[in-house]
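Below is the file final13.txt, which contains compact mmCIF, C-alpha atoms.
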# COMPACT_ATOMS: atom_id res chain seq x y z
CA MET C 981 17.19 7.92 -24.51
CA PRO C 982 15.61 9.02 -21.17
CA ASP C 983 12.20 9.39 -22.84
CA LYS C 984 12.63 5.95 -24.37
CA VAL C 985 12.90 4.31 -20.96
CA PHE C 986 9.91 6.24 -19.63
CA ASP C 987 7.90 5.36 -22.74
CA GLN C 988 8.98 1.74 -22.42
CA MET C 989 7.64 1.67 -18.89
CA MET C 990 4.32 3.17 -20.00
CA SER C 991 4.05 0.81 -22.99
CA ARG C 992 3.58 -2.20 -20.70
CA TYR C 993 0.00 -1.09 -20.03
CA GLU C 994 -3.11 -1.31 -22.16
CA ILE C 995 -4.37 2.27 -22.14
CA LEU C 996 -7.89 2.71 -23.47
CA THR C 997 -9.34 5.28 -21.07
CA ASP C 998 -8.22 8.24 -18.97
CA ALA C 999 -8.42 5.99 -15.90
CA ASP C 1000 -6.08 3.50 -17.59
CA TYR C 1001 -3.59 6.28 -18.29
CA ASN C 1002 -3.74 7.67 -14.76
CA ASN C 1003 -3.29 4.25 -13.18
CA ALA C 1004 -0.33 3.47 -15.46
CA LEU C 1005 1.31 6.84 -14.82
CA HIS C 1006 0.94 6.47 -11.05
CA GLU C 1007 2.56 3.05 -11.18
CA VAL C 1008 5.46 4.21 -13.35
CA MET C 1009 6.05 7.08 -10.92
CA GLN C 1010 6.03 4.61 -8.03
CA GLU C 1011 8.62 2.41 -9.74
CA ILE C 1012 10.90 5.35 -10.49
CA ALA C 1013 10.62 6.55 -6.90
CA LEU C 1014 11.54 3.06 -5.66
CA ALA C 1015 14.58 3.10 -7.95
CA GLY C 1016 15.70 6.44 -6.53
CA LEU C 1017 15.26 5.20 -2.97
CA TYR C 1018 17.33 2.12 -3.84
CA ARG C 1019 20.19 4.26 -5.17
CA GLY C 1020 20.17 6.24 -1.95
CA GLY C 1021 20.44 3.16 0.28
CA PHE C 1022 16.92 3.61 1.68
CA PHE C 1023 16.22 -0.14 1.75
CA GLU C 1024 19.05 -0.67 4.21
CA LYS C 1025 16.81 1.08 6.75
CA ALA C 1026 13.25 0.50 5.55
CA ALA C 1027 10.96 -2.00 3.86
CA PHE C 1028 8.05 -1.63 1.45
CA TYR C 1029 4.56 -2.83 2.37
CA GLY C 1030 0.90 -2.16 1.59
CA GLY C 1031 -1.30 -2.45 -1.47
CA THR C 1032 1.26 -1.02 -3.88
CA ALA C 1033 3.86 -3.56 -2.77
CA LEU C 1034 1.30 -6.30 -3.39
CA ARG C 1035 0.50 -4.88 -6.81
CA ILE C 1036 4.09 -4.41 -8.00
CA PHE C 1037 5.66 -7.58 -6.64
CA TYR C 1038 2.73 -10.02 -6.64
CA LYS C 1039 0.94 -8.70 -9.73
CA THR C 1040 -2.52 -8.21 -8.24
CA ASP C 1041 -5.11 -6.87 -10.67
CA ARG C 1042 -5.69 -3.75 -8.59
CA PHE C 1043 -3.77 -0.51 -9.11
CA SER C 1044 -2.72 1.43 -6.03
CA GLU C 1045 -1.91 5.06 -5.25
CA ASP C 1046 0.48 5.17 -2.28
CA LEU C 1047 3.97 4.04 -1.37
CA ASP C 1048 4.01 2.72 2.21
CA PHE C 1049 7.21 1.96 4.11
CA SER C 1050 8.23 1.02 7.61
CA LEU C 1051 11.62 1.40 9.22
CA ILE C 1052 13.33 -1.89 10.07
CA LYS C 1053 14.37 -0.39 13.40
CA SER C 1054 12.96 2.70 15.09
CA ASP C 1055 15.21 5.67 14.34
CA LYS C 1056 14.38 9.12 15.67
CA LYS C 1057 16.99 10.66 13.38
CA PHE C 1058 15.44 9.26 10.21
CA LYS C 1059 14.25 11.80 7.63
CA LEU C 1060 12.86 10.96 4.23
CA GLU C 1061 14.13 14.37 3.11
CA ASP C 1062 17.61 12.81 3.09
CA TYR C 1063 16.50 10.77 0.04
CA PHE C 1064 14.72 13.53 -1.90
CA SER C 1065 17.70 14.22 -4.15
CA ASP C 1066 17.97 10.52 -5.03
CA ILE C 1067 14.31 10.40 -6.05
CA GLU C 1068 14.52 13.68 -7.97
CA ASN C 1069 17.69 12.57 -9.78
CA GLU C 1070 16.02 9.35 -10.90
CA PHE C 1071 13.15 11.25 -12.48
CA THR C 1072 15.56 13.76 -14.05
CA ALA C 1073 17.51 10.89 -15.62
CA LEU C 1074 14.27 9.86 -17.35
CA GLY C 1075 13.50 13.35 -18.61
CA ARG C 1076 10.96 14.26 -15.94
CA SER C 1077 10.99 16.58 -12.95
CA VAL C 1078 9.14 16.23 -9.67
CA SER C 1079 8.54 18.15 -6.49
CA ILE C 1080 8.25 16.53 -3.06
CA LYS C 1081 6.44 18.21 -0.20
CA LYS C 1082 5.76 17.07 3.33
CA LYS C 1083 2.09 16.99 4.27
CA GLU C 1084 1.20 18.70 7.52
CA LYS C 1085 -1.15 16.50 9.52
CA GLN C 1086 -3.27 19.39 10.74
CA LYS C 1087 -4.09 20.20 7.10
CA MET C 1088 -5.20 16.69 6.17
CA SER C 1089 -8.77 15.67 5.58
CA ASN C 1090 -10.56 13.50 8.12
CA ILE C 1091 -10.18 10.57 5.74
CA GLU C 1092 -6.42 11.04 5.41
CA SER C 1093 -5.83 11.46 9.14
CA ALA C 1094 -8.16 8.72 10.39
CA PHE C 1095 -5.60 5.91 10.17
CA LEU C 1096 -2.28 7.53 11.00
CA LYS C 1097 0.00 7.08 13.96
CA ASN C 1098 1.75 10.14 15.34
CA ASP C 1099 5.09 8.83 14.08
CA THR C 1100 4.09 8.47 10.43
CA GLU C 1101 5.74 10.86 7.98
CA ILE C 1102 3.74 11.69 4.85
CA TYR C 1103 4.85 13.33 1.61
CA ASP C 1104 3.32 14.15 -1.75
CA LEU C 1105 5.47 13.49 -4.83
CA LYS C 1106 4.13 15.49 -7.77
CA LEU C 1107 5.07 15.16 -11.43
CA ASN C 1108 5.73 18.71 -12.56
CA GLY C 1109 3.68 19.88 -15.52
CA GLN C 1110 0.88 17.43 -14.74
CA ASN C 1111 -1.75 17.22 -12.04
CA THR C 1112 -0.43 13.81 -11.01
CA LYS C 1113 0.99 12.88 -7.63
CA ILE C 1114 1.61 9.90 -5.41
CA LYS C 1115 1.70 9.79 -1.64
CA ILE C 1116 4.67 8.41 0.32
CA GLU C 1117 4.16 7.29 3.93
CA VAL C 1118 6.94 6.15 6.25
CA ASP C 1119 6.11 4.53 9.60
CA THR C 1120 9.11 5.43 11.73
CA GLN C 1121 8.08 3.03 14.51
CA HIS C 1122 8.54 -0.46 13.11
CA PRO C 1123 5.49 -2.75 13.52
CA GLY C 1124 6.82 -5.49 15.77
CA SER C 1125 7.82 -8.95 14.61
CA PHE C 1126 8.15 -9.21 10.85
CA GLU C 1127 10.38 -10.57 8.11
CA THR C 1128 11.54 -8.97 4.88
CA GLU C 1129 12.78 -10.19 1.53
CA TYR C 1130 14.37 -8.57 -1.48
CA LYS C 1131 12.31 -8.41 -4.68
CA VAL C 1132 13.71 -7.75 -8.17
CA MET C 1133 12.58 -4.87 -10.35
CA LEU C 1134 13.81 -4.55 -13.94
CA LEU C 1135 12.75 -1.00 -14.80
CA PRO C 1136 13.87 1.75 -14.98
CA PHE C 1137 16.95 -0.45 -14.36
CA SER C 1138 17.57 -3.71 -12.51
CA PHE C 1139 17.58 -3.34 -8.74
CA MET C 1140 16.23 -5.03 -5.62
CA ALA C 1141 13.75 -3.47 -3.22
CA ARG C 1142 13.27 -4.66 0.33
CA CYS C 1143 9.70 -5.74 0.98
CA PHE C 1144 7.70 -7.25 3.83
CA SER C 1145 7.23 -11.00 3.47
CA LEU C 1146 3.79 -12.09 2.27
CA PRO C 1147 2.53 -13.18 5.75
CA ASP C 1148 3.51 -9.76 7.09
CA LEU C 1149 1.92 -7.94 4.16
CA PHE C 1150 -1.24 -9.92 4.95
CA ALA C 1151 -1.01 -8.90 8.63
CA GLY C 1152 -0.79 -5.24 7.66
CA LYS C 1153 -3.80 -5.54 5.39
CA ILE C 1154 -5.93 -7.24 8.04
CA HIS C 1155 -4.93 -4.55 10.51
CA ALA C 1156 -6.12 -1.89 8.05
CA PHE C 1157 -9.23 -3.92 7.18
CA LEU C 1158 -10.26 -4.15 10.82
CA TYR C 1159 -9.28 -0.78 12.25
CA ARG C 1160 -9.39 1.73 9.41
CA GLN C 1161 -12.04 4.34 10.21
CA TRP C 1162 -13.27 6.24 7.18
CA LYS C 1163 -16.62 7.27 8.62
CA THR C 1164 -19.14 6.96 5.77
CA ARG C 1165 -16.52 5.82 3.24
CA VAL C 1166 -15.41 2.25 2.82
CA LYS C 1167 -11.97 1.42 1.44
CA GLY C 1168 -12.98 -1.38 -0.91
CA ARG C 1169 -9.34 -1.65 -1.96
CA ASP C 1170 -8.65 -3.32 1.39
CA TRP C 1171 -11.43 -5.79 0.67
CA TYR C 1172 -10.07 -6.56 -2.81
CA ASP C 1173 -6.62 -7.27 -1.39
CA PHE C 1174 -8.09 -9.44 1.38
CA GLU C 1175 -9.83 -11.52 -1.27
CA TRP C 1176 -6.50 -11.88 -3.12
CA TYR C 1177 -4.70 -13.17 -0.03
CA ILE C 1178 -7.34 -15.83 0.57
CA ARG C 1179 -7.41 -16.87 -3.09
CA ASN C 1180 -3.63 -17.26 -3.08
CA ASN C 1181 -3.56 -19.25 0.15
CA ALA C 1182 -1.46 -16.68 1.99
CA HIS C 1183 -0.84 -17.29 5.69
CA LEU C 1184 -1.13 -14.39 8.12
CA ASN C 1185 1.59 -13.55 10.65
CA PHE C 1186 -0.64 -13.19 13.71
CA ASN C 1187 2.16 -11.85 15.92
CA ASN C 1188 2.76 -9.02 13.46
CA PHE C 1189 -0.96 -8.23 13.43
CA ILE C 1190 -1.03 -8.07 17.24
CA SER C 1191 2.03 -5.77 17.30
CA ARG C 1192 0.30 -3.41 14.87
CA ALA C 1193 -2.96 -3.49 16.81
CA GLN C 1194 -1.15 -2.67 20.05
CA GLN C 1195 0.48 0.33 18.36
CA PHE C 1196 -2.72 1.52 16.73
CA SER C 1197 -6.18 0.13 17.24
CA GLY C 1198 -8.10 3.40 17.55
CA ASN C 1199 -8.97 2.30 21.11
CA GLY C 1200 -10.76 -0.65 19.56
CA TYR C 1201 -10.89 -4.24 20.71
CA ILE C 1202 -7.71 -6.30 20.15
CA PRO C 1203 -8.35 -10.01 19.45
CA LYS C 1204 -6.37 -12.44 21.60
CA ASN C 1205 -6.29 -15.40 19.23
CA HIS C 1206 -7.14 -16.55 15.70
CA ASN C 1207 -10.79 -17.26 16.43
CA GLU C 1208 -11.34 -13.89 18.09
CA LEU C 1209 -9.78 -12.19 15.07
CA LYS C 1210 -12.12 -14.04 12.72
CA THR C 1211 -15.10 -13.05 14.87
CA ALA C 1212 -14.03 -9.39 14.85
CA LEU C 1213 -13.60 -9.43 11.07
CA LYS C 1214 -17.05 -10.95 10.57
CA GLY C 1215 -18.54 -8.23 12.77
CA LYS C 1216 -16.83 -5.58 10.64
CA ILE C 1217 -18.13 -7.18 7.44
CA LEU C 1218 -21.72 -7.35 8.66
CA LYS C 1219 -21.68 -3.59 9.39
CA THR C 1220 -20.19 -2.59 6.02
CA ASP C 1221 -21.96 -1.26 2.92
CA ILE C 1222 -20.74 -3.68 0.25
CA GLU C 1223 -21.92 -1.44 -2.60
CA ALA C 1224 -19.78 1.38 -1.19
CA ALA C 1225 -16.81 -0.99 -1.09
CA LYS C 1226 -17.36 -1.86 -4.75
CA ALA C 1227 -17.59 1.81 -5.71
CA ASP C 1228 -14.28 2.59 -4.01
CA VAL C 1229 -12.26 -0.13 -5.76
CA ARG C 1230 -13.88 0.01 -9.20
CA PRO C 1231 -11.62 2.80 -10.64
CA PHE C 1232 -8.53 0.74 -9.81
CA ILE C 1233 -9.39 -2.53 -11.56
CA LYS C 1234 -9.79 -3.60 -15.18
CA ASN C 1235 -12.68 -6.01 -14.82
CA PRO C 1236 -15.64 -4.77 -12.73
CA ASP C 1237 -17.27 -8.18 -13.16
CA ASP C 1238 -14.83 -9.44 -10.53
CA LEU C 1239 -16.99 -7.63 -7.97
CA LYS C 1240 -20.30 -9.31 -8.84
CA ILE C 1241 -19.83 -12.02 -6.23
CA TRP C 1242 -19.13 -9.53 -3.44
CA SER C 1243 -21.60 -9.75 -0.57
CA GLN C 1244 -21.46 -9.90 3.20
CA ASP C 1245 -21.94 -13.66 3.11
CA TYR C 1246 -19.12 -14.04 0.56
CA PHE C 1247 -16.61 -12.20 2.75
CA VAL C 1248 -17.74 -13.99 5.90
CA GLN C 1249 -16.96 -17.26 4.15
CA LEU C 1250 -13.57 -15.92 3.08
CA VAL C 1251 -12.79 -15.17 6.73
CA GLN C 1252 -13.47 -18.80 7.57
CA MET C 1253 -10.77 -19.77 5.03
CA MET C 1254 -8.03 -17.69 6.68
CA GLU C 1255 -4.80 -19.49 7.55
CA PHE C 1256 -2.15 -18.41 10.05
CA LEU C 1257 1.54 -18.98 10.62

Would you put the structure from the file into structure tokens?
Amino acid sequence: MPDKVFDQMMSRYEILTDADYNNALHEVMQEIALAGLYRGGFFEKAAFYGGTALRIFYKTDRFSEDLDFSLIKSDKKFKLEDYFSDIENEFTALGRSVSIKKKEKQKMSNIESAFLKNDTEIYDLKLNGQNTKIKIEVDTQHPGSFETEYKVMLLPFSFMARCFSLPDLFAGKIHAFLYRQWKTRVKGRDWYDFEWYIRNNAHLNFNNFISRAQQFSGNGYIPKNHNELKTALKGKILKTDIEAAKADVRPFIKNPDDLKIWSQDYFVQLVQMMEFL
């Protein structure tokens, strides 16, 4: 029976390539981890955000690797380790075993550490017997003014996960889009999500964006209003290698033709279409 549920979760995906399999397995692992966190009462204290939240709850066409959370209220006593057994038990119930290990920041690559606040806890969750893992990040200092909502998941069982509202998800993405520093690498996944928000007429919570920027801007410029934010985004776009952005996101999407329209001018025009709360 446990294998049946796991297989049922995997059967929802069209798997034609190794990349398809890896993306599906990562997502199934993410969903099982969310279920374990739910059983442990994690969502009473924290909310889900980021690209994986957008993928799972809003069905974007891009797969994602990480689970990103923020505490609802700052709590110095919070430890994700308190929920390890809940996560492990959920995998065990489905016939799988995992190991969870905290990542030490001094051992991270420049890419991993370039966009982290000092109060972010990071863990690797690895599926034993396979070279497959997902990363879990918890921001223990909540990012200012934001709203949450509960979203239904049906597998591995029916439960509700607490998630940032769409305007606050958008604010987090724009914060990453503007301030993420990956040196010569470009996180095209941010660009893909930005395009999705515009296409779906999402409105950005500007106050949440400002709160995030005040917490972490890498000593960069913080826009004071909507127009200044648009100007800053356009400046970022005009300095970015669009082909590098395409290369980053391509392994996570089914249809590479979606990227054909990508250009600096295209994204500048998307910025002009941004709406705010």

Within 7 Å of Pro1231 of chain C, counting only C-alpha atoms, which residues show up once you throw out same-chain ones fewer than 2 positions away? Write them as a ChimeraX atom specification, please. /C:999,1229,1233

Write out as an MDAnalysis selection string which residues come within 12 Å of Ser1138 of chain C when counting only C-alpha atoms, dropping same-chain ones fewer than 6 positions away. chainID C and resid 1011:1012 1014:1016 1018:1019 1131:1132

Grab the atom CA of Ala1033 of chain C to atom CA of Leu1149 of chain C distance for me, in Å with one decimal place. 8.4 Å

Enumerate, in order of chain and increasing residue number, the residues of segment 1023-1065 of chain C with an atom no farther than 8 Å from segment 1104-1115 of chain C, each with its shortest atom pair and distance in Å to one decimal, counting all atoms listed in the file, as JSON lines.
{"residue": "C:Glu1045", "atom": "CA", "partner": "C:Ile1114", "partner_atom": "CA", "distance": 6.0}
{"residue": "C:Asp1046", "atom": "CA", "partner": "C:Lys1115", "partner_atom": "CA", "distance": 4.8}
{"residue": "C:Leu1047", "atom": "CA", "partner": "C:Lys1115", "partner_atom": "CA", "distance": 6.2}

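Closest to Gly1124 of chain C among C:Ile1190, C:Leu1209, C:Cys1143, C:Val1251 is C:Ile1190, based on all atoms listed in the file.
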
Pull the neighbourhood of (-10.5, -15.6, 14.1) for me: all residues within 12 Å in file coordinates, counting only C-alpha atoms, as a ChimeraX atom specification. /C:1154,1158,1184,1186,1202-1215,1248-1256

Hey, can you check how far atom CA of Leu1218 of chain C sits from atom CA of Arg1230 of chain C?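 So the answer is 20.8 Å.
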
Find the residue from C:Tyr1201, C:Phe1144, C:Phe1071, C:Tyr1177 that sits nearest to Asp983 of chain C; use all atoms listed in the file when measuring. C:Phe1071

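Between atom CA of Lys1057 of chain C and atom CA of Glu1084 of chain C the separation is 18.7 Å.
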
All residues 12 Å or closer to Lys984 of chain C, all atoms listed in the file, same chain fewer than 3 positions away omitted, as a count of residues only: 12

Name the residues, using the chain letters and numbers of the file, that sit within 7 Å of (5.6, 14.3, -0.7) when counting only C-alpha atoms, and give them as a PDB file with C-alpha atoms, in the frame of the given file.
ATOM      1  CA  ILE C1080       8.250  16.530  -3.060  1.00  0.00           C
ATOM      2  CA  LYS C1081       6.440  18.210  -0.200  1.00  0.00           C
ATOM      3  CA  LYS C1082       5.760  17.070   3.330  1.00  0.00           C
ATOM      4  CA  LYS C1083       2.090  16.990   4.270  1.00  0.00           C
ATOM      5  CA  ILE C1102       3.740  11.690   4.850  1.00  0.00           C
ATOM      6  CA  TYR C1103       4.850  13.330   1.610  1.00  0.00           C
ATOM      7  CA  ASP C1104       3.320  14.150  -1.750  1.00  0.00           C
ATOM      8  CA  LEU C1105       5.470  13.490  -4.830  1.00  0.00           C
ATOM      9  CA  LYS C1115       1.700   9.790  -1.640  1.00  0.00           C
ATOM     10  CA  ILE C1116       4.670   8.410   0.320  1.00  0.00           C
TER      11      ILE C1116
END

Find the residue from C:Ala1193, C:Val1118, C:Ala1004, C:Ala1013 that sits nearest to Arg1160 of chain C; use only C-alpha atoms when measuring. C:Ala1193

Which one of C:Asp1066, C:Glu1117, C:Asp998, C:Glu1101 sits closest to Phe1049 of chain C if you count all atoms listed in the file?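 Among the listed residues, C:Glu1117 lies closest to Phe1049 of chain C.
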
Set the distance at 9 Å and use only C-alpha atoms: which residues neighbour Ala1026 of chain C once local chain neighbours fewer than 5 positions away are removed? I'd like the list as number ranges by chain. C: 1049-1053, 1118, 1120, 1122, 1142-1143

I need the residue nearest Gly1152 of chain C from this list: C:Phe1247, C:Phe1189, C:Phe1126, C:Phe1064. Use all atoms listed in the file for the distance. C:Phe1189

Of the candidates C:Leu1005, C:Tyr1172, C:Ser1044, C:Leu1134, which shows the shortest atom-to-atom distance to Pro1236 of chain C, using all atoms listed in the file?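 Of C:Leu1005, C:Tyr1172, C:Ser1044, C:Leu1134, the one nearest Pro1236 of chain C is C:Tyr1172, counting all atoms listed in the file.
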